[in-house]
Amino acid sequence: MRGGGLWQLGQSITRRLAQADKKAVARRCFASEAELKKTVLYDFHVANGGKMVPFAGWSMPIQYKDSIMDSTVNCRENGSLFDVSHMCGLSLKGKDCIPFLEKLVIADVVGLAPGTGTLTVFTNEKGGAIDDSVITKVKDDHIYLVVNAGCRDKDLAHIEEHMKAYKSKGGNVSWHIHDERSLLALQGPLAGPVLQHLTKVDLSKLFFGEFQILDINGATCFLTRTGYTGEDGFEISVPSENAVDLAKAILEKSEGKVRLTGLGARDSLRLEAGLCLYGNDMEQHVTPVEAGLTWAIGKRRRAEGGFLGAEVILKQLAEGPSVRRVGFFSSGPPARSHSEIQDDKGNNIGEITSGGFSPCLKKNIAMGYVKSGSHKAGTKVKILVRGKPYDGVVTKMPFVPTKYYKPS
């Protein structure tokens with residue numbers, strides 16, 4: 001990118017994250033610096049050159065001394081360490097925790113083997129997405145899940161409301177919100193080798209989507225082989241008093257190759273991986289089918305329903321949705337959220353929800369929703385940026401191939 005390009009990239013990502021934040025936390029007044037919550041790693045971020053910005057009521061690093069471009073590329077070539085402690089981890093326990101959760105999400109939780117997990121969506125009565133979440137069946141009476149920071153309050157209120165009703169009918173389920181723990185995401189090709197230095201458990205036997213409770217660097221951690229970058233990696237729930245020491249140990253064992261990385265590069269990475277940002281690419285009026293997450297609806301759930309909005313979602317599965325989330329390559333300036341998409345005759349066929357310049361592909365990428373029929377790869381479109389039309393083409397996602405660690 002030419003002069004000012006890196007600055008523009010950083011500014012656009014800041015805007016994109018802020019847009020998602022504003023949508024997810026409706027009518028939230030902008031918090032002053034004093035009102036923002038801080039993770040236990042806040043001072044560590046500042047000491048390491050973190051540029052702190054408000055996000056979902058928290059003060060979080062958008063980048064460090066590296067540019068967002070360099071950080072993105074380094075994650076794919078070596079590795080990145082993210083503080084994602086603003087996200088909310090919680091456990092559901094009790095003999096009825098699985099049937100309870102299945103009333104609220106589209107996943108086949110019953111069908112998960114203990115120690116495995118999946119991406120799922122909490123739906124409302126109209127089939128729209130309240131939030132997306134990674135859920136793990138620890139045991140048949142223990143589910144661990146993580147919800148988005150910007151959705152925490154509404155998610156917890158939603159779960160609590162339904163839990164009270166469920167328990168009033170004799171259901172055995174309780175919850176614990178893990179505010180005593182912090183969450184680190186270690187991502188990239190060096191994630192496995194580096195973390196292996198800090199635990200005696202053989203991580204080569206822990207595959208994508210799998211979970212284990214184990215000792216890492218002397219602390220009892222919840223370890224999930226997952227992430228939000230398209231790379232191999234882990235999300236590590238660690239007792240907050242051990243979080244800074246663990247972060248230091250990971251960086252030290254990598255000999256400088258794994259770098260602290262902020263929300264800016266995290267957003268570039270997830271966009272390159274074709275992953276949704278809630279508040280931009282998924283909202284309360286968008287169903288999982290429209291969002292391209294049909295694969296997350298378990299086969300048994302498709303047959304039986306039994307979750308909120310099932311009637312709407314199962315009808316879309318049978319008849320096809322009216323709109324679909326797709327990827328784009330485009331010319332000219334990068335497309336941004338709310339950029340209009342037109343067909344070759346100038347008719348409005350949809351809207352961009354996320355877009356930017358890909359640090360790894362060195363070209364513009366975007367995702368958005370178009371009318372069914374205009375969703376096939378290779379379809380030529382015009383994307384309006386600041387009122388001017390630029391050439392675009394529908395493309396399959398992910399833009400950058402994923403490298404999840406799966407059995408060969």
# chains A, B, ... in the order shown; residues from 1 in each chain; ligands from 1
call {"tool": "select_by_dssp", "arguments": {"residues": "region 113-351 of chain A", "states": "strand (DSSP E or B)", "output": "PyMOL selection string"}}
result
chain A and resi 116-123+129-139+142-147+174-177+181-187+210-216+219-224+233-239+258-260+278+282+323-330+340-342+348-351
call {"tool": "write_last_selection", "arguments": {"atoms": "C-alpha atoms", "output": "JSON list (two decimals), in the first residue's frame"}}
result
[["chain", "number", "residue", "atom", "x", "y", "z"],
["A", 116, "THR", "CA", -14.92, -31.90, 21.78],
["A", 117, "GLY", "CA", -16.63, -28.72, 20.70],
["A", 118, "THR", "CA", -18.11, -26.79, 17.79],
["A", 119, "LEU", "CA", -19.07, -23.33, 16.61],
["A", 120, "THR", "CA", -22.76, -22.68, 17.16],
["A", 121, "VAL", "CA", -25.32, -19.89, 17.08],
["A", 122, "PHE", "CA", -27.76, -18.74, 19.77],
["A", 123, "THR", "CA", -31.01, -18.02, 17.91],
["A", 129, "ALA", "CA", -28.58, -14.81, 15.48],
["A", 130, "ILE", "CA", -28.33, -13.52, 19.05],
["A", 131, "ASP", "CA", -24.63, -14.43, 19.07],
["A", 132, "ASP", "CA", -22.18, -17.02, 17.79],
["A", 133, "SER", "CA", -20.23, -19.08, 20.30],
["A", 134, "VAL", "CA", -17.75, -21.92, 20.57],
["A", 135, "ILE", "CA", -19.24, -24.58, 22.87],
["A", 136, "THR", "CA", -17.45, -27.61, 24.31],
["A", 137, "LYS", "CA", -18.86, -30.71, 25.93],
["A", 138, "VAL", "CA", -16.40, -31.23, 28.80],
["A", 139, "LYS", "CA", -18.51, -34.10, 30.19],
["A", 142, "HIS", "CA", -20.57, -29.91, 32.00],
["A", 143, "ILE", "CA", -20.58, -27.56, 29.00],
["A", 144, "TYR", "CA", -17.96, -24.82, 28.60],
["A", 145, "LEU", "CA", -18.68, -21.96, 26.22],
["A", 146, "VAL", "CA", -17.32, -18.54, 25.28],
["A", 147, "VAL", "CA", -19.52, -15.65, 24.10],
["A", 174, "SER", "CA", -26.76, -24.29, 36.92],
["A", 175, "TRP", "CA", -24.07, -21.96, 35.61],
["A", 176, "HIS", "CA", -20.82, -20.32, 36.58],
["A", 177, "ILE", "CA", -19.41, -17.25, 34.81],
["A", 181, "ARG", "CA", -10.16, -16.50, 34.59],
["A", 182, "SER", "CA", -8.45, -14.75, 31.66],
["A", 183, "LEU", "CA", -8.39, -15.88, 28.04],
["A", 184, "LEU", "CA", -5.35, -15.95, 25.75],
["A", 185, "ALA", "CA", -5.37, -16.98, 22.08],
["A", 186, "LEU", "CA", -2.12, -18.41, 20.71],
["A", 187, "GLN", "CA", -2.34, -18.70, 16.92],
["A", 210, "GLU", "CA", -10.83, -30.65, 21.05],
["A", 211, "PHE", "CA", -10.63, -29.56, 24.70],
["A", 212, "GLN", "CA", -8.65, -30.58, 27.75],
["A", 213, "ILE", "CA", -8.16, -29.36, 31.33],
["A", 214, "LEU", "CA", -4.43, -29.51, 31.98],
["A", 215, "ASP", "CA", -1.43, -27.90, 33.65],
["A", 216, "ILE", "CA", 0.27, -25.20, 31.56],
["A", 219, "ALA", "CA", -1.52, -23.30, 36.27],
["A", 220, "THR", "CA", -4.69, -25.34, 35.69],
["A", 221, "CYS", "CA", -5.97, -24.23, 32.28],
["A", 222, "PHE", "CA", -8.89, -24.98, 29.97],
["A", 223, "LEU", "CA", -7.30, -25.57, 26.58],
["A", 224, "THR", "CA", -9.28, -25.61, 23.32],
["A", 233, "GLY", "CA", -3.82, -22.53, 17.49],
["A", 234, "PHE", "CA", -5.30, -22.57, 20.96],
["A", 235, "GLU", "CA", -7.55, -20.59, 23.25],
["A", 236, "ILE", "CA", -6.25, -20.87, 26.81],
["A", 237, "SER", "CA", -8.48, -20.08, 29.78],
["A", 238, "VAL", "CA", -6.05, -19.42, 32.63],
["A", 239, "PRO", "CA", -6.60, -18.28, 36.25],
["A", 258, "VAL", "CA", 5.45, -15.22, 18.42],
["A", 259, "ARG", "CA", 4.48, -11.58, 18.93],
["A", 260, "LEU", "CA", 1.84, -9.82, 20.98],
["A", 278, "TYR", "CA", -20.89, -10.38, 15.15],
["A", 282, "MET", "CA", -24.17, -11.46, 11.76],
["A", 323, "VAL", "CA", -30.08, -13.74, 0.73],
["A", 324, "ARG", "CA", -26.66, -15.32, 1.27],
["A", 325, "ARG", "CA", -23.30, -14.28, 2.71],
["A", 326, "VAL", "CA", -20.53, -14.40, 0.09],
["A", 327, "GLY", "CA", -16.97, -13.20, -0.41],
["A", 328, "PHE", "CA", -15.67, -10.65, -2.93],
["A", 329, "PHE", "CA", -12.48, -9.48, -4.58],
["A", 330, "SER", "CA", -12.73, -5.87, -5.74],
["A", 340, "GLU", "CA", -23.86, -1.08, -1.88],
["A", 341, "ILE", "CA", -23.54, -4.06, -4.22],
["A", 342, "GLN", "CA", -25.08, -3.82, -7.70],
["A", 348, "ASN", "CA", -29.13, -3.13, -5.92],
["A", 349, "ILE", "CA", -28.53, -6.77, -4.98],
["A", 350, "GLY", "CA", -26.96, -6.44, -1.54],
["A", 351, "GLU", "CA", -24.54, -4.81, 0.88]]
call {"tool": "residues_around", "arguments": {"residues": "region 361-367 of chain A", "least_positions_apart": "5", "cutoff": "8 Å", "atoms": "only C-alpha atoms", "output": "ChimeraX atom specification"}}
result
/A:271-272,274,281,325-331,333-336,352-356,399-400
call {"tool": "residues_around", "arguments": {"residues": "Arg266 (chain A)", "least_positions_apart": "4", "cutoff": "7 Å", "atoms": "only C-alpha atoms", "output": "PyMOL selection string"}}
result
chain A and resi 229+262+270
call {"tool": "write_last_selection", "arguments": {"atoms": "all heavy atoms", "output": "PDB file, in the first residue's frame"}}
result
ATOM      1  N   THR A 229      -8.533 -17.111  13.421  1.00  0.00           N
ATOM      2  CA  THR A 229      -7.575 -16.613  12.432  1.00  0.00           C
ATOM      3  C   THR A 229      -7.492 -17.492  11.187  1.00  0.00           C
ATOM      4  O   THR A 229      -6.931 -17.061  10.178  1.00  0.00           O
ATOM      5  CB  THR A 229      -6.154 -16.542  13.037  1.00  0.00           C
ATOM      6  OG1 THR A 229      -5.730 -17.871  13.395  1.00  0.00           O
ATOM      7  CG2 THR A 229      -6.113 -15.639  14.270  1.00  0.00           C
ATOM      8  N   GLY A 262      -2.696  -7.319  18.329  1.00  0.00           N
ATOM      9  CA  GLY A 262      -3.903  -6.623  18.779  1.00  0.00           C
ATOM     10  C   GLY A 262      -5.137  -6.928  17.949  1.00  0.00           C
ATOM     11  O   GLY A 262      -5.125  -7.757  17.031  1.00  0.00           O
ATOM     12  N   ARG A 270      -9.269 -12.735  10.663  1.00  0.00           N
ATOM     13  CA  ARG A 270     -10.567 -13.429  10.601  1.00  0.00           C
ATOM     14  C   ARG A 270     -11.263 -13.116   9.272  1.00  0.00           C
ATOM     15  O   ARG A 270     -11.982 -13.967   8.739  1.00  0.00           O
ATOM     16  CB  ARG A 270     -11.427 -13.075  11.813  1.00  0.00           C
ATOM     17  CG  ARG A 270     -11.987 -11.661  11.886  1.00  0.00           C
ATOM     18  CD  ARG A 270     -13.339 -11.505  11.236  1.00  0.00           C
ATOM     19  NE  ARG A 270     -13.633 -10.089  10.980  1.00  0.00           N
ATOM     20  CZ  ARG A 270     -14.613  -9.702  10.198  1.00  0.00           C
ATOM     21  NH1 ARG A 270     -15.392 -10.557   9.578  1.00  0.00           N
ATOM     22  NH2 ARG A 270     -14.825  -8.409   9.993  1.00  0.00           N
TER      23      ARG A 270
END
call {"tool": "atom_distance", "arguments": {"atom1": "CA of Leu277 (chain A)", "atom2": "CA of Ser254 (chain A)"}}
result
29.1 Å
call {"tool": "residues_around", "arguments": {"residues": "region 151-168 of chain A", "least_positions_apart": "2", "cutoff": "7 Å", "atoms": "only C-alpha atoms", "output": "ChimeraX atom specification"}}
result
/A:24-25,88,131,147-149,170-173
call {"tool": "atom_distance", "arguments": {"atom1": "CA of Glu241 (chain A)", "atom2": "CA of Asn74 (chain A)"}}
result
28.4 Å
call {"tool": "closest_residue", "arguments": {"among": "A:Lys169, A:Lys299, A:Lys51, A:Arg76", "to": "Ala191 (chain A)", "atoms": "only C-alpha atoms"}}
result
A:Arg76
call {"tool": "closest_residue", "arguments": {"among": "A:Val385, A:Gly115, A:Leu41, A:Asp140", "to": "Ile98 (chain A)", "atoms": "only C-alpha atoms"}}
result
A:Asp140
